[in-house]
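**Student:** Here it is, the structure in full.
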Amino acid sequence: MAESTPRIATTAYEKCAEFTRNLWWSWHPDVVEIFRLINPVRWRVLAHNPIALLREYEPEEFEQRVLELALQTRIDVAYRRYKDYVARQTPWARQNAGVLGSRPVAYFSLEFGLHESVPIYSGGLGVLAGDHVKSASGLGVPLVAVGLFYDKGYFKQLINANGEQEEEYTNTEVQNLPFEPCYDKDGNRLVVKVETTTGDIYAKVRVIRVGRVSLYLLDADVEQNSKDDRELTSTLYGGDKRTRIRQELLCGVGGVRALRAMGITPGVYHLNEGHNSFATLEATRDRMARCGLSFNDASRDVAQQTVFTTHTPVEAGHDYFSPDLVEEHLKPMREALGLSQRDFMALGRRNPDNPNEEFCMTVLGLKLSRYANAVSALHGVVSRRMWRGLWPNKTEEETPIGHITNGVHAPTWMAQQIKVLFERATPGWSEESIDPAVWAQIENIDPGELWETHFALKKLFVDFARRHYVRQLERLGADEKAIEAAKRVLDPRALTIGFARRFATYKRAYLVVQDEERFDKIVNNPDRPVQFVFAGKAHPHDNPGKDVIKRITAIQRNPRFANSVLFLENYDINIARQLVQGVDVWLNNPRRPLEASGTSGQKAALNGALNFSILDGWWNEAYNGSNGFAIGDGTTHVDANITDERDNEALLDALENQVVPTYYRRNEHGLPLDWIQMMKNSIATLGWRFSAHRMVADYVKNAYLPAAGGVTAKMP
Ligand SMILES: *Cc1c(COP(=O)(O)O)cnc(C)c1O
């Protein structure tokens, strides 16, 4: 309780204790630096968790440390900035989001990737949700977020001595998370209940503050639950279909109930992926009960308020549940809605009269939302084709699924050194700007300075990668010789290419090494060496994905590639940040058009890395011929193997004939001027456009305001 009603903080310790209870600190690298300085080793060991770090100090001892390091002023400044930030209403919101007023957007997501110390995310979808929330905070959009708390999170990936992925689940130390308890309107600790035919499920609710946004997390580990149900929210994407439907029921239905119990009335529901589509049912049920409406009228009203974002054209990315599971879990809801079993199942079916069709959460989301969008222009085309059957009277073009291209939260992903350089060299620039004219000034930056800053970051990354790899080898009991070699792995002067993402097979991590002989010739050219750093997890049940990891680690262990291929274990937000800030090139070679958007390349672009990608997802609309490199021309073959072969050839051709020569073409001062020009083109054309601030601004304009009844606009 003391923590939720803070006294005025006066000491450095009290100030840190206060502002670390809001994830605001996490996207201010200069504030993060304070904690690193306090104790660099513990900072790393504690997964960059400042609450855990503070806990290791007695207040007096902490003051002493602050004194020794002369950090008092920095802490005072950070504290003042924090207080100012949370108290301020932004001009942007006043002008653009006023209509939302006291009825916020309720943003539902099954995962949120906010920081490595808050392990409630698995990958891209979660990080996107985290970035969305942070930008909503930055712009001042009235928004609350709803998700689940997983006390074991997603798994930690360990690469074993055979180069295979192993999964480890550890309990998160809840006392080290910036949780505050939630109370209902009567001041009682909030516990929500969701009915099923096989018993009620309960969840407690806690809140994490993300700047000006509150993220409410439901947690089934409460004594009212059966022993099994207490484990219901222990892992993200773990368990079977039954676990999944129960989690989604809790997040969707329980989430809406939690908001209501706290007296929060959303003006808009935003469902991030189909997982949360059950939220529309609870909103409809409530509307029927309060206004005495029929299901049809109430669900139409709710749809008018609902924004649905679909995220994947990959079939396995959509949840389907059997009629039995649906009836077990939603019969009480179905009865409250007054629907027959057939009519209820029809909400999740493409063909309502096919009794064998499973219940699809994406179909429910599309049917019960008025504003549906894909996450890139190309994904919009693919999604309209994929779902047009739901609107039999419309043509493919008329199918009401628009697109809002994903973006990333620039303050989170940009290196401090780059921010400082841009601030100094370009008046008025801020990483939060979405004004193209502001970013165009990057052109005026001195090429030598940009290169030096990038090179300094690259050296930091190489140090990080070596330490990370050494720790892996030490854990495996590797011999002295191997560890000594690991301490010298990667050369900061060599062209360094990053590839980090989920190891789903369609992302084709193996593509670049498919023709090993040709790969060897390119990377091991002594005059123009190339090195690759890989990272990524495969879902625990995805055996083909795990085989790809094994294939990459096998190549790494081949002595011929010891200096040109490195796999970093346990890809997470920390490794992502290190990689995107330190490599020269960001490689992305999915099987087109399966990458709905992709966001990691956007993070890399902000730091001056050049994208080298198949024309898929966001890159298909971002590439302009001079702001990075394209692989192939966007064509595919019906036979995936032939596509793979062609794309492999296009990849290596471009690498050999464009990427490598441009990188190694130097002037008399050793500067690759053509390359640096491309870095500038990349930052200037992509920085504002693929930022989450632009994305959230688009959601406000094209979805939230119309859904809230403010203005009518049509999604692009
Ligand atoms: C950004 C990010 C992703 C998503 O990257 P994609 O390009 O969409 O594959 C996944 N995982 C982590 C940890 C990230 O930071």
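Residues are referred to by chain and number: the chain letter is A, B, ... according to the order shown in the structure tokens, the number counts from 1 in that chain, and ligands are numbered separately from 1 in the order shown.
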Within 12 Å of segment 292-297 of chain A, counting only C-alpha atoms, which residues qualify if same-chain residues fewer than 3 places away don't, as an NGL selection string?

**Tutor:** :A and (280-289 or 300-304 or 333-340 or 343-344 or 347 or 367-368)

**Student:** Quick one: everything within 10 Å of Arg493 of chain A, counting only C-alpha atoms, minus sequence neighbours fewer than 2 positions away in the same chain. Send it as a PDB file with all heavy atoms, in the first residue's frame.

**Tutor:**
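Result file follows (result.pdb):
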ATOM      1  N   PHE A 455      29.920   2.950 -35.832  1.00  0.00           N
ATOM      2  CA  PHE A 455      31.019   2.014 -35.563  1.00  0.00           C
ATOM      3  C   PHE A 455      31.203   1.804 -34.058  1.00  0.00           C
ATOM      4  O   PHE A 455      31.464   0.683 -33.600  1.00  0.00           O
ATOM      5  CB  PHE A 455      32.315   2.513 -36.219  1.00  0.00           C
ATOM      6  CG  PHE A 455      33.392   1.468 -36.220  1.00  0.00           C
ATOM      7  CD1 PHE A 455      33.253   0.315 -36.987  1.00  0.00           C
ATOM      8  CD2 PHE A 455      34.529   1.609 -35.439  1.00  0.00           C
ATOM      9  CE1 PHE A 455      34.232  -0.673 -36.980  1.00  0.00           C
ATOM     10  CE2 PHE A 455      35.512   0.622 -35.426  1.00  0.00           C
ATOM     11  CZ  PHE A 455      35.364  -0.517 -36.201  1.00  0.00           C
ATOM     12  N   LYS A 458      28.633  -0.549 -33.016  1.00  0.00           N
ATOM     13  CA  LYS A 458      28.938  -1.889 -33.509  1.00  0.00           C
ATOM     14  C   LYS A 458      29.951  -2.576 -32.581  1.00  0.00           C
ATOM     15  O   LYS A 458      29.824  -3.761 -32.269  1.00  0.00           O
ATOM     16  CB  LYS A 458      29.506  -1.755 -34.919  1.00  0.00           C
ATOM     17  CG  LYS A 458      29.492  -3.024 -35.712  1.00  0.00           C
ATOM     18  CD  LYS A 458      29.850  -2.693 -37.151  1.00  0.00           C
ATOM     19  CE  LYS A 458      30.203  -3.922 -37.925  1.00  0.00           C
ATOM     20  NZ  LYS A 458      30.783  -3.580 -39.234  1.00  0.00           N
ATOM     21  N   LYS A 459      30.940  -1.805 -32.138  1.00  0.00           N
ATOM     22  CA  LYS A 459      31.923  -2.400 -31.219  1.00  0.00           C
ATOM     23  C   LYS A 459      31.259  -2.814 -29.907  1.00  0.00           C
ATOM     24  O   LYS A 459      31.565  -3.871 -29.352  1.00  0.00           O
ATOM     25  CB  LYS A 459      33.062  -1.412 -30.965  1.00  0.00           C
ATOM     26  CG  LYS A 459      34.068  -1.405 -32.125  1.00  0.00           C
ATOM     27  CD  LYS A 459      35.374  -0.730 -31.750  1.00  0.00           C
ATOM     28  CE  LYS A 459      35.167   0.766 -31.662  1.00  0.00           C
ATOM     29  NZ  LYS A 459      36.381   1.561 -31.667  1.00  0.00           N
ATOM     30  N   LEU A 490      33.735 -12.604 -34.023  1.00  0.00           N
ATOM     31  CA  LEU A 490      33.254 -11.401 -34.724  1.00  0.00           C
ATOM     32  C   LEU A 490      34.334 -10.322 -34.791  1.00  0.00           C
ATOM     33  O   LEU A 490      35.044 -10.060 -33.827  1.00  0.00           O
ATOM     34  CB  LEU A 490      32.004 -10.786 -34.068  1.00  0.00           C
ATOM     35  CG  LEU A 490      30.748 -11.637 -33.971  1.00  0.00           C
ATOM     36  CD1 LEU A 490      29.626 -10.826 -33.313  1.00  0.00           C
ATOM     37  CD2 LEU A 490      30.284 -12.151 -35.324  1.00  0.00           C
ATOM     38  N   ASP A 491      34.402  -9.710 -35.960  1.00  0.00           N
ATOM     39  CA  ASP A 491      35.351  -8.622 -36.183  1.00  0.00           C
ATOM     40  C   ASP A 491      34.534  -7.364 -36.444  1.00  0.00           C
ATOM     41  O   ASP A 491      33.762  -7.314 -37.398  1.00  0.00           O
ATOM     42  CB  ASP A 491      36.211  -8.978 -37.408  1.00  0.00           C
ATOM     43  CG  ASP A 491      37.203  -7.877 -37.746  1.00  0.00           C
ATOM     44  OD1 ASP A 491      37.090  -6.765 -37.185  1.00  0.00           O
ATOM     45  OD2 ASP A 491      38.079  -8.135 -38.598  1.00  0.00           O
ATOM     46  N   LEU A 495      31.710  -6.618 -42.477  1.00  0.00           N
ATOM     47  CA  LEU A 495      30.294  -6.372 -42.754  1.00  0.00           C
ATOM     48  C   LEU A 495      29.465  -7.347 -41.911  1.00  0.00           C
ATOM     49  O   LEU A 495      29.629  -8.569 -42.010  1.00  0.00           O
ATOM     50  CB  LEU A 495      30.017  -6.591 -44.249  1.00  0.00           C
ATOM     51  CG  LEU A 495      28.541  -6.609 -44.687  1.00  0.00           C
ATOM     52  CD1 LEU A 495      27.838  -5.305 -44.346  1.00  0.00           C
ATOM     53  CD2 LEU A 495      28.436  -6.899 -46.168  1.00  0.00           C
ATOM     54  N   THR A 496      28.606  -6.803 -41.067  1.00  0.00           N
ATOM     55  CA  THR A 496      27.885  -7.627 -40.095  1.00  0.00           C
ATOM     56  C   THR A 496      26.391  -7.610 -40.390  1.00  0.00           C
ATOM     57  O   THR A 496      25.779  -6.542 -40.455  1.00  0.00           O
ATOM     58  CB  THR A 496      28.151  -7.114 -38.672  1.00  0.00           C
ATOM     59  OG1 THR A 496      29.567  -7.095 -38.465  1.00  0.00           O
ATOM     60  CG2 THR A 496      27.503  -8.002 -37.625  1.00  0.00           C
ATOM     61  N   ARG A 528      37.071  -8.874 -48.112  1.00  0.00           N
ATOM     62  CA  ARG A 528      35.747  -8.309 -47.851  1.00  0.00           C
ATOM     63  C   ARG A 528      34.909  -9.290 -47.031  1.00  0.00           C
ATOM     64  O   ARG A 528      33.887  -9.804 -47.475  1.00  0.00           O
ATOM     65  CB  ARG A 528      35.042  -7.999 -49.180  1.00  0.00           C
ATOM     66  CG  ARG A 528      35.904  -7.104 -50.075  1.00  0.00           C
ATOM     67  CD  ARG A 528      35.154  -6.539 -51.255  1.00  0.00           C
ATOM     68  NE  ARG A 528      34.517  -7.558 -52.110  1.00  0.00           N
ATOM     69  CZ  ARG A 528      33.935  -7.268 -53.280  1.00  0.00           C
ATOM     70  NH1 ARG A 528      33.914  -6.030 -53.717  1.00  0.00           N
ATOM     71  NH2 ARG A 528      33.365  -8.207 -53.989  1.00  0.00           N
ATOM     72  N   PRO A 529      35.356  -9.557 -45.800  1.00  0.00           N
ATOM     73  CA  PRO A 529      34.660 -10.581 -44.994  1.00  0.00           C
ATOM     74  C   PRO A 529      33.238 -10.158 -44.608  1.00  0.00           C
ATOM     75  O   PRO A 529      32.954  -8.976 -44.461  1.00  0.00           O
ATOM     76  CB  PRO A 529      35.539 -10.692 -43.745  1.00  0.00           C
ATOM     77  CG  PRO A 529      36.252  -9.382 -43.654  1.00  0.00           C
ATOM     78  CD  PRO A 529      36.451  -8.917 -45.064  1.00  0.00           C
ATOM     79  N   VAL A 530      32.392 -11.169 -44.467  1.00  0.00           N
ATOM     80  CA  VAL A 530      31.002 -10.947 -44.064  1.00  0.00           C
ATOM     81  C   VAL A 530      30.704 -11.874 -42.899  1.00  0.00           C
ATOM     82  O   VAL A 530      31.133 -13.029 -42.893  1.00  0.00           O
ATOM     83  CB  VAL A 530      30.026 -11.271 -45.217  1.00  0.00           C
ATOM     84  CG1 VAL A 530      28.589 -10.977 -44.807  1.00  0.00           C
ATOM     85  CG2 VAL A 530      30.389 -10.500 -46.478  1.00  0.00           C
TER      86      VAL A 530
END

**Student:** Apply DSSP to the structure's backbone, then extract all residues of segment 506-582 of chain A labelled alpha helix (DSSP H) and return them as a VMD selection string.

**Tutor:** chain A and resid 516 to 523 543 to 557 573 to 582

**Student:** Keeping only C-alpha atoms, write the selected residues as an mmCIF file, in the first residue's frame.

**Tutor:**
data_model
loop_
_atom_site.group_PDB
_atom_site.id
_atom_site.type_symbol
_atom_site.label_atom_id
_atom_site.label_comp_id
_atom_site.auth_asym_id
_atom_site.auth_seq_id
_atom_site.Cartn_x
_atom_site.Cartn_y
_atom_site.Cartn_z
ATOM 1 C CA GLU A 516 26.916 -23.608 -48.746
ATOM 2 C CA GLU A 517 29.670 -23.409 -51.297
ATOM 3 C CA ARG A 518 28.592 -20.072 -52.635
ATOM 4 C CA PHE A 519 27.973 -18.790 -49.101
ATOM 5 C CA ASP A 520 31.511 -19.839 -48.198
ATOM 6 C CA LYS A 521 32.983 -17.903 -51.117
ATOM 7 C CA ILE A 522 31.147 -14.743 -50.221
ATOM 8 C CA VAL A 523 31.670 -14.658 -46.458
ATOM 9 C CA ASN A 543 9.845 -29.300 -34.637
ATOM 10 C CA PRO A 544 10.585 -28.089 -38.169
ATOM 11 C CA GLY A 545 11.419 -24.683 -36.669
ATOM 12 C CA LYS A 546 13.754 -26.332 -34.175
ATOM 13 C CA ASP A 547 15.441 -28.201 -37.026
ATOM 14 C CA VAL A 548 16.235 -24.882 -38.659
ATOM 15 C CA ILE A 549 17.989 -23.757 -35.471
ATOM 16 C CA LYS A 550 19.999 -26.950 -35.542
ATOM 17 C CA ARG A 551 20.941 -26.356 -39.135
ATOM 18 C CA ILE A 552 22.263 -22.869 -38.327
ATOM 19 C CA THR A 553 24.178 -23.959 -35.230
ATOM 20 C CA ALA A 554 25.693 -26.843 -37.229
ATOM 21 C CA ILE A 555 27.045 -24.366 -39.751
ATOM 22 C CA GLN A 556 28.389 -22.222 -36.923
ATOM 23 C CA ARG A 557 30.308 -25.247 -35.628
ATOM 24 C CA ILE A 573 13.940 -7.675 -26.178
ATOM 25 C CA ASN A 574 17.434 -7.113 -24.835
ATOM 26 C CA ILE A 575 19.110 -9.108 -27.595
ATOM 27 C CA ALA A 576 16.831 -7.487 -30.155
ATOM 28 C CA ARG A 577 17.896 -4.037 -28.962
ATOM 29 C CA GLN A 578 21.594 -4.941 -28.994
ATOM 30 C CA LEU A 579 21.330 -6.396 -32.483
ATOM 31 C CA VAL A 580 19.326 -3.645 -34.162
ATOM 32 C CA GLN A 581 21.654 -1.022 -32.706
ATOM 33 C CA GLY A 582 24.867 -2.785 -33.662
#

**Student:** Could you check how far atom CA of Ser322 of chain A sits from atom CA of Ala346 of chain A, in Å to one decimal?

**Tutor:**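 Going from atom CA of Ser322 of chain A over to atom CA of Ala346 of chain A covers 12.6 Å.
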
**Student:** Give me the residues within 8 Å of segment 627-640 of chain A as a compact mmCIF listing (two decimals) with N, CA, C and O atoms, in the first residue's frame, counting only C-alpha atoms and dropping any in the same chain fewer than 3 places off.

**Tutor:**
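File part06.txt, as written:
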# COMPACT_ATOMS: atom_id res chain seq x y z
N ASN A 589 14.12 -12.65 -44.90
CA ASN A 589 13.79 -13.36 -46.15
C ASN A 589 12.66 -14.36 -45.99
O ASN A 589 12.82 -15.55 -46.25
N ARG A 592 7.29 -14.94 -49.29
CA ARG A 592 6.26 -13.96 -49.60
C ARG A 592 4.93 -14.65 -49.89
O ARG A 592 4.95 -15.68 -50.58
N LEU A 610 20.98 -1.00 -42.63
CA LEU A 610 20.25 -1.05 -43.90
C LEU A 610 19.46 -2.35 -43.99
O LEU A 610 19.99 -3.42 -43.70
N ASN A 611 18.20 -2.21 -44.40
CA ASN A 611 17.39 -3.40 -44.59
C ASN A 611 17.75 -4.09 -45.89
O ASN A 611 18.02 -3.44 -46.91
N PHE A 612 17.76 -5.40 -45.81
CA PHE A 612 18.09 -6.26 -46.96
C PHE A 612 17.02 -7.33 -46.91
O PHE A 612 17.10 -8.26 -46.12
N SER A 613 15.98 -7.14 -47.74
CA SER A 613 14.78 -7.94 -47.48
C SER A 613 14.01 -8.28 -48.75
O SER A 613 14.01 -7.54 -49.73
N ILE A 614 13.35 -9.42 -48.67
CA ILE A 614 12.32 -9.80 -49.64
C ILE A 614 11.28 -8.68 -49.64
O ILE A 614 11.02 -8.07 -48.60
N LEU A 615 10.65 -8.43 -50.79
CA LEU A 615 9.63 -7.38 -50.86
C LEU A 615 8.32 -7.91 -50.28
O LEU A 615 7.37 -8.20 -51.00
N ASP A 616 8.32 -8.03 -48.97
CA ASP A 616 7.14 -8.54 -48.27
C ASP A 616 6.84 -7.63 -47.09
O ASP A 616 7.70 -6.85 -46.66
N TYR A 623 10.55 0.21 -49.43
CA TYR A 623 11.74 0.22 -50.29
C TYR A 623 11.55 1.18 -51.46
O TYR A 623 10.54 1.11 -52.16
N ASN A 624 12.53 2.06 -51.67
CA ASN A 624 12.41 3.02 -52.77
C ASN A 624 13.59 2.98 -53.73
O ASN A 624 13.77 3.89 -54.53
N THR A 643 10.64 -21.53 -55.33
CA THR A 643 10.73 -20.17 -54.78
C THR A 643 11.97 -20.05 -53.90
O THR A 643 12.73 -19.08 -54.01
N ASP A 644 12.19 -21.03 -53.06
CA ASP A 644 13.37 -21.02 -52.18
C ASP A 644 14.66 -20.91 -53.00
O ASP A 644 15.54 -20.12 -52.69
N ASP A 647 14.91 -17.49 -54.58
CA ASP A 647 15.17 -16.44 -53.60
C ASP A 647 16.59 -16.55 -53.04
O ASP A 647 17.25 -15.54 -52.77
N ALA A 650 18.73 -14.97 -55.66
CA ALA A 650 18.56 -13.50 -55.65
C ALA A 650 19.25 -12.90 -54.43
O ALA A 650 19.88 -11.83 -54.51
N LEU A 651 19.15 -13.59 -53.30
CA LEU A 651 19.77 -13.11 -52.07
C LEU A 651 21.29 -13.02 -52.24
O LEU A 651 21.91 -11.99 -51.98
N ALA A 654 22.43 -10.39 -54.79
CA ALA A 654 22.38 -9.02 -54.26
C ALA A 654 23.49 -8.81 -53.23
O ALA A 654 24.12 -7.75 -53.18
N VAL A 659 25.44 -5.42 -51.89
CA VAL A 659 25.66 -5.12 -50.48
C VAL A 659 27.16 -5.07 -50.15
O VAL A 659 27.66 -4.06 -49.64
N MET A 678 23.15 5.87 -48.12
CA MET A 678 21.98 4.98 -48.01
C MET A 678 21.47 4.93 -46.57
O MET A 678 20.26 4.86 -46.33
N MET A 679 22.39 4.99 -45.61
CA MET A 679 21.96 5.01 -44.20
C MET A 679 21.08 6.25 -43.97
O MET A 679 20.03 6.17 -43.33
N LYS A 680 21.53 7.38 -44.51
CA LYS A 680 20.75 8.60 -44.32
C LYS A 680 19.39 8.50 -45.01
O LYS A 680 18.37 8.89 -44.45
N ASN A 681 19.42 7.97 -46.25
CA ASN A 681 18.14 7.81 -46.97
C ASN A 681 17.19 6.93 -46.16
O ASN A 681 15.98 7.18 -46.08
N SER A 682 17.76 5.88 -45.59
CA SER A 682 16.95 4.93 -44.84
C SER A 682 16.32 5.61 -43.62
O SER A 682 15.11 5.54 -43.40
N THR A 685 13.72 8.39 -44.67
CA THR A 685 12.44 7.99 -45.28
C THR A 685 11.65 7.02 -44.41
O THR A 685 10.43 6.90 -44.58

**Student:** Considering only C-alpha atoms, can you say which of A:Val326, A:Ala562, A:Val375, A:Ala485 comes closest to Asn272 of chain A?

**Tutor:**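 Looking at the shortest contact to Asn272 of chain A, the residue is A:Val375.
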
**Student:** If you run DSSP on the backbone here, which positions in segment 348-533 of chain A get strand (DSSP E)? Please write them as a VMD selection string.

**Tutor:** chain A and resid 359 to 360 371 to 374 401 to 403 495 to 500 530 to 533

**Student:** Would you pick out the contacts of Val382 of chain A at 12 Å or less, using only C-alpha atoms, so that residues sharing its chain but fewer than 6 positions from it are not included, and give the list as JSON, numbers by chain?

**Tutor:** {"A": [310, 311, 312, 313, 314, 373, 374, 375, 376, 388, 396, 397, 399, 401, 402, 403, 592, 593, 594, 595, 596, 597, 616, 617]}

**Student:** Write to file, as an mmCIF file, in the first residue's frame, the residues of the selection just made, with N, CA and C atoms.

**Tutor:**
data_model
loop_
_atom_site.group_PDB
_atom_site.id
_atom_site.type_symbol
_atom_site.label_atom_id
_atom_site.label_comp_id
_atom_site.auth_asym_id
_atom_site.auth_seq_id
_atom_site.Cartn_x
_atom_site.Cartn_y
_atom_site.Cartn_z
ATOM 1 N N THR A 310 -6.033 -7.951 -37.625
ATOM 2 C CA THR A 310 -5.587 -9.309 -37.916
ATOM 3 C C THR A 310 -4.103 -9.251 -38.254
ATOM 4 N N HIS A 311 -3.359 -10.263 -37.840
ATOM 5 C CA HIS A 311 -1.901 -10.161 -37.903
ATOM 6 C C HIS A 311 -1.195 -11.178 -38.744
ATOM 7 N N THR A 312 -1.902 -12.140 -39.292
ATOM 8 C CA THR A 312 -1.134 -13.158 -40.007
ATOM 9 C C THR A 312 -1.919 -13.849 -41.116
ATOM 10 N N PRO A 313 -1.273 -14.054 -42.246
ATOM 11 C CA PRO A 313 -1.876 -14.873 -43.288
ATOM 12 C C PRO A 313 -1.521 -16.352 -43.124
ATOM 13 N N VAL A 314 -0.750 -16.697 -42.076
ATOM 14 C CA VAL A 314 -0.375 -18.099 -41.872
ATOM 15 C C VAL A 314 -1.534 -18.803 -41.162
ATOM 16 N N ASN A 373 -8.610 -4.277 -39.712
ATOM 17 C CA ASN A 373 -7.436 -3.918 -40.506
ATOM 18 C C ASN A 373 -6.353 -4.971 -40.456
ATOM 19 N N ALA A 374 -5.605 -4.988 -41.547
ATOM 20 C CA ALA A 374 -4.377 -5.770 -41.648
ATOM 21 C C ALA A 374 -3.231 -4.848 -41.260
ATOM 22 N N VAL A 375 -1.988 -5.366 -41.279
ATOM 23 C CA VAL A 375 -0.879 -4.609 -40.705
ATOM 24 C C VAL A 375 0.162 -4.126 -41.718
ATOM 25 N N SER A 376 -0.149 -4.245 -43.015
ATOM 26 C CA SER A 376 0.645 -3.589 -44.064
ATOM 27 C C SER A 376 -0.256 -3.550 -45.292
ATOM 28 N N ARG A 388 -12.637 -12.818 -47.803
ATOM 29 C CA ARG A 388 -13.732 -12.230 -48.566
ATOM 30 C C ARG A 388 -15.001 -13.062 -48.494
ATOM 31 N N GLU A 396 -13.732 -8.603 -53.893
ATOM 32 C CA GLU A 396 -12.524 -8.632 -53.070
ATOM 33 C C GLU A 396 -12.107 -7.216 -52.645
ATOM 34 N N GLU A 397 -12.166 -6.278 -53.585
ATOM 35 C CA GLU A 397 -11.756 -4.898 -53.247
ATOM 36 C C GLU A 397 -12.681 -4.289 -52.208
ATOM 37 N N THR A 399 -14.201 -5.843 -49.834
ATOM 38 C CA THR A 399 -14.145 -6.540 -48.547
ATOM 39 C C THR A 399 -13.618 -5.576 -47.477
ATOM 40 N N ILE A 401 -11.757 -4.849 -45.054
ATOM 41 C CA ILE A 401 -10.555 -4.971 -44.226
ATOM 42 C C ILE A 401 -9.545 -3.989 -44.801
ATOM 43 N N GLY A 402 -9.210 -2.981 -44.030
ATOM 44 C CA GLY A 402 -8.236 -1.988 -44.487
ATOM 45 C C GLY A 402 -6.853 -2.357 -43.988
ATOM 46 N N HIS A 403 -5.967 -1.389 -43.950
ATOM 47 C CA HIS A 403 -4.672 -1.690 -43.348
ATOM 48 C C HIS A 403 -4.109 -0.460 -42.654
ATOM 49 N N ARG A 592 7.289 -14.939 -49.293
ATOM 50 C CA ARG A 592 6.255 -13.957 -49.601
ATOM 51 C C ARG A 592 4.925 -14.648 -49.890
ATOM 52 N N PRO A 593 3.796 -14.158 -49.484
ATOM 53 C CA PRO A 593 3.525 -12.959 -48.699
ATOM 54 C C PRO A 593 3.199 -13.293 -47.246
ATOM 55 N N LEU A 594 3.965 -14.164 -46.623
ATOM 56 C CA LEU A 594 3.556 -14.650 -45.300
ATOM 57 C C LEU A 594 3.974 -13.742 -44.150
ATOM 58 N N GLU A 595 4.897 -12.801 -44.409
ATOM 59 C CA GLU A 595 5.273 -11.872 -43.346
ATOM 60 C C GLU A 595 4.282 -10.703 -43.396
ATOM 61 N N ALA A 596 3.321 -10.715 -42.468
ATOM 62 C CA ALA A 596 2.255 -9.718 -42.546
ATOM 63 C C ALA A 596 2.836 -8.307 -42.557
ATOM 64 N N SER A 597 3.724 -8.031 -41.606
ATOM 65 C CA SER A 597 4.416 -6.746 -41.630
ATOM 66 C C SER A 597 5.893 -6.958 -41.346
ATOM 67 N N ASP A 616 8.319 -8.032 -48.967
ATOM 68 C CA ASP A 616 7.142 -8.543 -48.268
ATOM 69 C C ASP A 616 6.840 -7.627 -47.094
ATOM 70 N N GLY A 617 5.599 -7.714 -46.585
ATOM 71 C CA GLY A 617 5.250 -6.942 -45.392
ATOM 72 C C GLY A 617 5.522 -5.455 -45.575
#
